[in-house]
Amino acid sequence: MNYKVNFTNEKEKRAMKDVFGATVAKMGEDPKFVYLDADLMSSIGTKKWADAHPTQAYNVGVSEANLAGMAAGLASSGLKPLAHTFGPFASRRCYDQVYLSIGYTKNDVIMIGSDAGVTAAYNGGTHMPFEDMALYRAIPHATVIDVTDSAMLENVLPKLLDMKGLKYVRLGRKEVLGVYEAGADFEVGKAALVKDGSDVAIIACGIMVAEALKAAAVLEAEGIKALVLDMFTVKPIDAEAVIAAAKKTGAIVTAENHNVIGGLGSAVADVLVKNTPVPMEMVGVQDEFGQVGPQDFLQNFYGLTSEVIVEKVKAVIARK
Amino acid sequence: MDPKLSKQIKTFATQVRIETMKEFKVRGFGHVGGALSIADTLAVLYEAVMKYDPKNPNWEGRDKLVCSKGHAGPTLYSILALKGFFPMDWLNTLNIPGTHLPSHCDKNQTPGIDMTTGSLGQGVSTSIGLCLGDTIQGRDCYTYLIVGDGELNEGQVWEGAQFAGHHKMDHLIAFCDYNKKQLDGYTADILDQRDIGAKFAAFGWDTQDINGNDADAVYEAIIKAKATPGKPHMIVLNTIKGAGVKAVEEMSANHHIVVSAELADQALADLEKLWAEQKG
């Protein structure tokens with residue numbers, strides 16, 4: 001891993017979908033790469049490349065079960081498939097196909113679920129995945145990644161192409177708050193330390209890493225030194241990093257753009273109870289369905305903000 | 001059809017039924033009806049049609065077979081053993097802990113099984129992926145897909161049918177084992193299939209409707225399909241569930257049955273008599 005944190009609380013200039021499209025085009029230089037989409041190429045920035053590469057890119061139409069199954073068959077034929085649709089459809093809509101034809105059958109496939117959590121915004125509750133990571137975590141040996149920003153996306157996605165098994169990646173499509181400098185290098189399965197600290201550890205993933213950094217700045221001004229870990233690989237979780245953070249700080253707060261049931265909070269709690277039980281709080285969706293609205297409204301509604309992280313940090317420190 | 005080849009295939013089909021019934025006899029239960037109804041088609045494919053190498057089961061240039069009605073695994077296992085993919089004595093291990101021969105096909109367990117199946121409908125999409133993968137990689141080979149008639153209840157079948165039809169996947173040759181029964185009863189009573197061939201034709205497939213327990217008809221249908229370019233192929237096999245074993249054919253519910261020693265011994269005696277005559 002080799003990365004520099006450069007958090008200015010500003011949105012990146014490039015939308016994640018454009019970065020995704022450019023990354024897919026680069027991955028397409030591998031002749032074994034094959035891209036499948038369920039009628040959402042225009043939404044994820046791949047249409048232009050796909051149109052120019054008809055033997056490498058296939059639109060299966062609005063049929064997610066077939067999407068997952070075809071990806072499995074392509075993998076069995078020796079190709080390296082990546083399949084995309086929105087998060088809810090990449091998870092619950094084709095769960096049995098992903099579970100059996102890909103996971104159980106040991107096919108090497110990258111599944112992409114875009115519009116992670118509240119980033120689904122105006123598509124509303126029907127399109128808002130708060131359970132996708134929980135579902136994928138329950139598939140044996142699956143890798144589950146919640147992407148933080150564009151630097152991470154363009155670094156991590158190509159690494160998955162030659163990784164064994166089922167890989168699930170969730171990401172937003174719009175501009176996000178940048179956390180890392182361009183050219184950052186990450187290791188799948190290893191948490192990235194984005195800020196050191198000694199009083200509490202905030203373990204976050206996806207868009208909540210930026211919220212954690214905002215919260216850490218507020219806390220710092222009040223004399224609370226928060227360590228912030230980017231746990232972008234939610235499975236397999238970097239247990240060593242969780243244990244080290246717990247030992248160092250004695251209190252943990254997790255933050256995720258997902259239901260606290262089955263996601264990052266659950267994964268961290270699993271590690272803590274077995275190894276280093278310390279007081280812990282979870283920031284995330286508290287067992288609710290999604291709804292329609294702008295992302296800032298949704299983040300406020302579900303408590304996915306730096307303010308809530310600050311509150312939970314104070315609560316967890318009080319429990320030490 | 002060449003009479004010598006016809007005789008060779010039919011003799012092999014009987015041998016396949018014998019070995020399949022032995023598997024069920026050892027275990028005492030199983031998905032007997034649907035295993036027997038598809039025996040002739042599988043015998044044709046492995047005796048006279050498909051290219052494969054038992055010593056190199058993962059040879060990239062082989063034809064692939066996806067038995068999406070994964071519960072017909074025992075028939076496929078007897079064929080793979082007879083063709084030398086693995087030792088014959090594995091056939092005594094069906095479904096016991098640690099076996100290489102689970103009730104439903106598993107590509108990671110059994111040499112010669114090209115795709116894991118069992119959750120119905122999924123083999124349609126995986127076979128399309130395999131077939132497309134071979135085309136992309138410039139391999140000259142066919143993918144054979146076997147679906148059950150009850151399996152057509154699954155929506156995924158029709159998702160895949162649209163894709164294969166749209167992309168004119170003429171190296172995909174599918175068979176529907178239309179034995180008219182699913183687990184809970186007759187397909188016509190549970191969800192009437194109506195005209196299966198017409199449905200696939202509407203999705204842009206080349207279709208044929210044949211006697212699926214007549215090895216000659218199956219062989220000729222495959223030859224005809226290969227000579228019809230530009231469309232994926234659906235060969236509707238009119239079959240009898242339990243075909244070749246009278247006692248099973250006559251059962252009203254024969255999807256998954258208890259196989260008594262008496263039933264198995266009678267079936268084996270009849271089949272071995274037939275086999276001796278065929279070998280003549």
# chains A, B, ... in the order shown; residues from 1 in each chain; ligands from 1
$ interface_residues --of "chain A" --to "chain B" --cutoff "10 Å" --atoms "only C-alpha atoms" --output "number ranges by chain"
A: 31-32, 34, 55-56, 58-81, 94, 96-97, 100-102, 104-106
$ atom_distance --atom1 "atom CA of B:Leu271" --atom2 "atom CA of B:Gly244"
7.8 Å
$ residues_around --residues "A:Val144" --least-positions-apart "3" --cutoff "8 Å" --atoms "only C-alpha atoms" --output "PDB file with N, CA, C and O atoms, in the first residue's frame"
ATOM      1  N   MET A 133     -24.237  -5.401   1.098  1.00  0.00           N
ATOM      2  CA  MET A 133     -23.005  -5.937   1.699  1.00  0.00           C
ATOM      3  C   MET A 133     -23.318  -7.108   2.627  1.00  0.00           C
ATOM      4  O   MET A 133     -22.566  -8.084   2.688  1.00  0.00           O
ATOM      5  N   TYR A 136     -23.865 -10.183   0.400  1.00  0.00           N
ATOM      6  CA  TYR A 136     -22.600 -10.704  -0.157  1.00  0.00           C
ATOM      7  C   TYR A 136     -21.676 -11.240   0.929  1.00  0.00           C
ATOM      8  O   TYR A 136     -20.941 -12.198   0.695  1.00  0.00           O
ATOM      9  N   ARG A 137     -21.711 -10.624   2.106  1.00  0.00           N
ATOM     10  CA  ARG A 137     -20.875 -11.145   3.202  1.00  0.00           C
ATOM     11  C   ARG A 137     -21.263 -12.566   3.563  1.00  0.00           C
ATOM     12  O   ARG A 137     -20.434 -13.356   4.013  1.00  0.00           O
ATOM     13  N   LYS A 167     -16.075 -11.347  -6.316  1.00  0.00           N
ATOM     14  CA  LYS A 167     -15.748 -10.037  -5.759  1.00  0.00           C
ATOM     15  C   LYS A 167     -16.951  -9.124  -5.956  1.00  0.00           C
ATOM     16  O   LYS A 167     -17.430  -9.002  -7.090  1.00  0.00           O
ATOM     17  N   TYR A 168     -17.426  -8.498  -4.898  1.00  0.00           N
ATOM     18  CA  TYR A 168     -18.527  -7.537  -5.023  1.00  0.00           C
ATOM     19  C   TYR A 168     -18.011  -6.150  -4.679  1.00  0.00           C
ATOM     20  O   TYR A 168     -17.407  -5.946  -3.624  1.00  0.00           O
ATOM     21  N   VAL A 169     -18.281  -5.211  -5.571  1.00  0.00           N
ATOM     22  CA  VAL A 169     -17.838  -3.836  -5.357  1.00  0.00           C
ATOM     23  C   VAL A 169     -19.046  -2.918  -5.426  1.00  0.00           C
ATOM     24  O   VAL A 169     -19.814  -2.969  -6.390  1.00  0.00           O
ATOM     25  N   THR A 233     -12.273  -2.836   2.384  1.00  0.00           N
ATOM     26  CA  THR A 233     -12.584  -4.260   2.204  1.00  0.00           C
ATOM     27  C   THR A 233     -13.373  -4.705   3.434  1.00  0.00           C
ATOM     28  O   THR A 233     -12.810  -4.911   4.505  1.00  0.00           O
ATOM     29  N   VAL A 234     -14.672  -4.813   3.269  1.00  0.00           N
ATOM     30  CA  VAL A 234     -15.529  -5.178   4.406  1.00  0.00           C
ATOM     31  C   VAL A 234     -15.436  -6.678   4.667  1.00  0.00           C
ATOM     32  O   VAL A 234     -15.617  -7.159   5.769  1.00  0.00           O
ATOM     33  N   LYS A 235     -15.132  -7.428   3.595  1.00  0.00           N
ATOM     34  CA  LYS A 235     -14.855  -8.858   3.745  1.00  0.00           C
ATOM     35  C   LYS A 235     -13.816  -9.257   2.714  1.00  0.00           C
ATOM     36  O   LYS A 235     -13.982  -8.911   1.553  1.00  0.00           O
ATOM     37  N   PRO A 236     -12.745  -9.985   3.039  1.00  0.00           N
ATOM     38  CA  PRO A 236     -12.406 -10.370   4.405  1.00  0.00           C
ATOM     39  C   PRO A 236     -11.943  -9.144   5.194  1.00  0.00           C
ATOM     40  O   PRO A 236     -11.102  -8.390   4.715  1.00  0.00           O
TER      41      PRO A 236
END
$ select_by_dssp --residues "stretch 15-201 of chain B" --states "strand (DSSP E)" --output "list in words"
Phe29, Gly30, Lys64, Leu65, Val66, Cys67, Thr143, Tyr144, Leu145, Ile146, Val147, Gly148, Leu172, Ile173, Ala174, Phe175, Cys176, Asp177, Tyr178, Lys181, Gln182, Gly185 and Tyr186 of chain B
$ residues_around --residues "A:Lys4" --least-positions-apart "6" --cutoff "10 Å" --atoms "only C-alpha atoms" --output "list in words"
Val179, Tyr180, Glu181, Ala182, Gly183, Ala184, Asp185 and Val194 of chain A
$ residues_around --residues "A:Arg92" --least-positions-apart "3" --cutoff "9 Å" --atoms "only C-alpha atoms" --output "ChimeraX atom specification"
/A:87-89,95-96,129,131-132,135
$ write_last_selection --atoms "N, CA, C and O atoms" --output "PDB file, in the first residue's frame"
ATOM      1  N   GLY A  87     -26.977  -1.583  -7.297  1.00  0.00           N
ATOM      2  CA  GLY A  87     -26.737  -2.419  -6.118  1.00  0.00           C
ATOM      3  C   GLY A  87     -27.873  -3.346  -5.701  1.00  0.00           C
ATOM      4  O   GLY A  87     -27.645  -4.525  -5.426  1.00  0.00           O
ATOM      5  N   PRO A  88     -29.112  -2.850  -5.646  1.00  0.00           N
ATOM      6  CA  PRO A  88     -30.184  -3.741  -5.202  1.00  0.00           C
ATOM      7  C   PRO A  88     -30.396  -4.906  -6.165  1.00  0.00           C
ATOM      8  O   PRO A  88     -30.743  -6.017  -5.743  1.00  0.00           O
ATOM      9  N   PHE A  89     -30.160  -4.642  -7.440  1.00  0.00           N
ATOM     10  CA  PHE A  89     -30.385  -5.686  -8.440  1.00  0.00           C
ATOM     11  C   PHE A  89     -29.183  -6.613  -8.548  1.00  0.00           C
ATOM     12  O   PHE A  89     -29.323  -7.780  -8.919  1.00  0.00           O
ATOM     13  N   TYR A  95     -29.662 -13.033  -6.172  1.00  0.00           N
ATOM     14  CA  TYR A  95     -28.838 -13.586  -5.096  1.00  0.00           C
ATOM     15  C   TYR A  95     -28.536 -15.069  -5.285  1.00  0.00           C
ATOM     16  O   TYR A  95     -27.407 -15.516  -5.113  1.00  0.00           O
ATOM     17  N   ASP A  96     -29.528 -15.844  -5.650  1.00  0.00           N
ATOM     18  CA  ASP A  96     -29.289 -17.288  -5.796  1.00  0.00           C
ATOM     19  C   ASP A  96     -28.335 -17.570  -6.952  1.00  0.00           C
ATOM     20  O   ASP A  96     -27.505 -18.479  -6.874  1.00  0.00           O
ATOM     21  N   PRO A 129     -29.863   0.295  -1.895  1.00  0.00           N
ATOM     22  CA  PRO A 129     -29.372  -0.904  -1.222  1.00  0.00           C
ATOM     23  C   PRO A 129     -28.737  -0.619   0.138  1.00  0.00           C
ATOM     24  O   PRO A 129     -27.680  -0.010   0.222  1.00  0.00           O
ATOM     25  N   GLU A 131     -28.624  -3.370   2.168  1.00  0.00           N
ATOM     26  CA  GLU A 131     -28.419  -4.757   2.575  1.00  0.00           C
ATOM     27  C   GLU A 131     -27.475  -5.514   1.655  1.00  0.00           C
ATOM     28  O   GLU A 131     -27.208  -6.684   1.862  1.00  0.00           O
ATOM     29  N   ASP A 132     -26.973  -4.859   0.607  1.00  0.00           N
ATOM     30  CA  ASP A 132     -26.152  -5.576  -0.376  1.00  0.00           C
ATOM     31  C   ASP A 132     -24.879  -6.167   0.222  1.00  0.00           C
ATOM     32  O   ASP A 132     -24.508  -7.302  -0.076  1.00  0.00           O
ATOM     33  N   LEU A 135     -25.741  -9.261   2.293  1.00  0.00           N
ATOM     34  CA  LEU A 135     -26.020 -10.438   1.463  1.00  0.00           C
ATOM     35  C   LEU A 135     -24.726 -11.036   0.921  1.00  0.00           C
ATOM     36  O   LEU A 135     -24.514 -12.249   0.977  1.00  0.00           O
TER      37      LEU A 135
END
$ atom_distance --atom1 "atom CA of A:Ile112" --atom2 "atom CA of A:Phe130"
14.9 Å
$ closest_residue --among "A:Val273, A:Ala50, A:Leu264, A:Ala217" --to "A:Cys205" --atoms "only C-alpha atoms"
A:Leu264
$ select_by_dssp --residues "stretch 53-158 of chain A" --states "helix (DSSP H, G or I)" --output "ChimeraX atom specification"
/A:64-76,87-104,117-123,125-127,132-137,150-158
$ residues_around --residues "A:Pro294" --least-positions-apart "4" --cutoff "8 Å" --atoms "only C-alpha atoms" --output "list of chain:residue names"
A:Ala121, A:Tyr122, A:Leu298
$ residues_around --residues "B:Gly28" --least-positions-apart "5" --cutoff "12 Å" --atoms "only C-alpha atoms" --output "list of chain:residue names"
B:Met21, B:Lys22, B:Glu23, B:Asn92, B:Thr93, B:Leu94, B:Asn95, B:Ile96, B:His256, B:Ile257, B:Val258, B:Val259, B:Ser260, B:Ala261, B:Glu262, B:Leu263, B:Ala264, B:Asp265
$ atom_distance --atom1 "atom CA of B:Gly33" --atom2 "atom CA of B:Ala247"
10.5 Å
$ closest_residue --among "A:Asn300, A:Ser198, A:Asn275, A:Thr148" --to "A:Asp230" --atoms "only C-alpha atoms"
A:Thr148
$ decode --residues "stretch 32-43 of chain B" --atoms "all heavy atoms" --output "PDB file, in the first residue's frame"
ATOM      1  N   VAL B  32     -35.216 -40.859  -9.886  1.00  0.00           N
ATOM      2  CA  VAL B  32     -35.144 -41.908 -10.900  1.00  0.00           C
ATOM      3  C   VAL B  32     -35.876 -41.523 -12.192  1.00  0.00           C
ATOM      4  O   VAL B  32     -35.359 -41.716 -13.302  1.00  0.00           O
ATOM      5  CB  VAL B  32     -35.706 -43.237 -10.344  1.00  0.00           C
ATOM      6  CG1 VAL B  32     -35.590 -44.336 -11.388  1.00  0.00           C
ATOM      7  CG2 VAL B  32     -34.955 -43.630  -9.072  1.00  0.00           C
ATOM      8  N   GLY B  33     -37.061 -40.974 -12.052  1.00  0.00           N
ATOM      9  CA  GLY B  33     -37.893 -40.710 -13.236  1.00  0.00           C
ATOM     10  C   GLY B  33     -37.197 -39.845 -14.267  1.00  0.00           C
ATOM     11  O   GLY B  33     -37.091 -40.211 -15.446  1.00  0.00           O
ATOM     12  N   GLY B  34     -36.703 -38.700 -13.839  1.00  0.00           N
ATOM     13  CA  GLY B  34     -36.061 -37.749 -14.759  1.00  0.00           C
ATOM     14  C   GLY B  34     -34.678 -38.176 -15.184  1.00  0.00           C
ATOM     15  O   GLY B  34     -34.166 -37.711 -16.210  1.00  0.00           O
ATOM     16  N   ALA B  35     -34.057 -39.069 -14.413  1.00  0.00           N
ATOM     17  CA  ALA B  35     -32.748 -39.600 -14.820  1.00  0.00           C
ATOM     18  C   ALA B  35     -32.925 -40.556 -15.997  1.00  0.00           C
ATOM     19  O   ALA B  35     -32.119 -40.574 -16.925  1.00  0.00           O
ATOM     20  CB  ALA B  35     -32.077 -40.300 -13.645  1.00  0.00           C
ATOM     21  N   LEU B  36     -33.990 -41.323 -15.953  1.00  0.00           N
ATOM     22  CA  LEU B  36     -34.216 -42.306 -17.022  1.00  0.00           C
ATOM     23  C   LEU B  36     -34.782 -41.662 -18.287  1.00  0.00           C
ATOM     24  O   LEU B  36     -34.464 -42.072 -19.395  1.00  0.00           O
ATOM     25  CB  LEU B  36     -35.162 -43.403 -16.525  1.00  0.00           C
ATOM     26  CG  LEU B  36     -34.571 -44.339 -15.462  1.00  0.00           C
ATOM     27  CD1 LEU B  36     -35.656 -45.224 -14.855  1.00  0.00           C
ATOM     28  CD2 LEU B  36     -33.458 -45.203 -16.055  1.00  0.00           C
ATOM     29  N   SER B  37     -35.615 -40.631 -18.130  1.00  0.00           N
ATOM     30  CA  SER B  37     -36.231 -40.041 -19.323  1.00  0.00           C
ATOM     31  C   SER B  37     -35.196 -39.397 -20.238  1.00  0.00           C
ATOM     32  O   SER B  37     -35.365 -39.355 -21.454  1.00  0.00           O
ATOM     33  CB  SER B  37     -37.326 -39.032 -18.936  1.00  0.00           C
ATOM     34  OG  SER B  37     -36.815 -37.995 -18.123  1.00  0.00           O
ATOM     35  N   ILE B  38     -34.085 -38.905 -19.666  1.00  0.00           N
ATOM     36  CA  ILE B  38     -33.084 -38.197 -20.470  1.00  0.00           C
ATOM     37  C   ILE B  38     -31.930 -39.117 -20.903  1.00  0.00           C
ATOM     38  O   ILE B  38     -31.014 -38.687 -21.605  1.00  0.00           O
ATOM     39  CB  ILE B  38     -32.534 -36.967 -19.664  1.00  0.00           C
ATOM     40  CG1 ILE B  38     -31.840 -35.952 -20.588  1.00  0.00           C
ATOM     41  CG2 ILE B  38     -31.602 -37.404 -18.543  1.00  0.00           C
ATOM     42  CD1 ILE B  38     -32.709 -35.316 -21.624  1.00  0.00           C
ATOM     43  N   ALA B  39     -31.997 -40.392 -20.517  1.00  0.00           N
ATOM     44  CA  ALA B  39     -30.868 -41.311 -20.756  1.00  0.00           C
ATOM     45  C   ALA B  39     -30.530 -41.445 -22.242  1.00  0.00           C
ATOM     46  O   ALA B  39     -29.347 -41.487 -22.619  1.00  0.00           O
ATOM     47  CB  ALA B  39     -31.176 -42.685 -20.162  1.00  0.00           C
ATOM     48  N   ASP B  40     -31.542 -41.500 -23.106  1.00  0.00           N
ATOM     49  CA  ASP B  40     -31.262 -41.703 -24.536  1.00  0.00           C
ATOM     50  C   ASP B  40     -30.505 -40.512 -25.125  1.00  0.00           C
ATOM     51  O   ASP B  40     -29.566 -40.686 -25.893  1.00  0.00           O
ATOM     52  CB  ASP B  40     -32.575 -41.952 -25.287  1.00  0.00           C
ATOM     53  CG  ASP B  40     -33.328 -43.123 -24.679  1.00  0.00           C
ATOM     54  OD1 ASP B  40     -32.894 -44.274 -24.868  1.00  0.00           O
ATOM     55  OD2 ASP B  40     -34.323 -42.874 -23.948  1.00  0.00           O
ATOM     56  N   THR B  41     -30.942 -39.311 -24.760  1.00  0.00           N
ATOM     57  CA  THR B  41     -30.289 -38.118 -25.304  1.00  0.00           C
ATOM     58  C   THR B  41     -28.835 -38.031 -24.838  1.00  0.00           C
ATOM     59  O   THR B  41     -27.933 -37.750 -25.627  1.00  0.00           O
ATOM     60  CB  THR B  41     -31.069 -36.857 -24.878  1.00  0.00           C
ATOM     61  OG1 THR B  41     -32.356 -36.914 -25.496  1.00  0.00           O
ATOM     62  CG2 THR B  41     -30.365 -35.592 -25.322  1.00  0.00           C
ATOM     63  N   LEU B  42     -28.625 -38.278 -23.552  1.00  0.00           N
ATOM     64  CA  LEU B  42     -27.251 -38.229 -23.046  1.00  0.00           C
ATOM     65  C   LEU B  42     -26.391 -39.304 -23.693  1.00  0.00           C
ATOM     66  O   LEU B  42     -25.215 -39.084 -24.005  1.00  0.00           O
ATOM     67  CB  LEU B  42     -27.247 -38.371 -21.517  1.00  0.00           C
ATOM     68  CG  LEU B  42     -27.782 -37.148 -20.751  1.00  0.00           C
ATOM     69  CD1 LEU B  42     -27.945 -37.470 -19.266  1.00  0.00           C
ATOM     70  CD2 LEU B  42     -26.850 -35.942 -20.925  1.00  0.00           C
ATOM     71  N   ALA B  43     -26.989 -40.468 -23.932  1.00  0.00           N
ATOM     72  CA  ALA B  43     -26.245 -41.560 -24.589  1.00  0.00           C
ATOM     73  C   ALA B  43     -25.861 -41.162 -26.008  1.00  0.00           C
ATOM     74  O   ALA B  43     -24.716 -41.368 -26.438  1.00  0.00           O
ATOM     75  CB  ALA B  43     -27.086 -42.825 -24.596  1.00  0.00           C
TER      76      ALA B  43
END
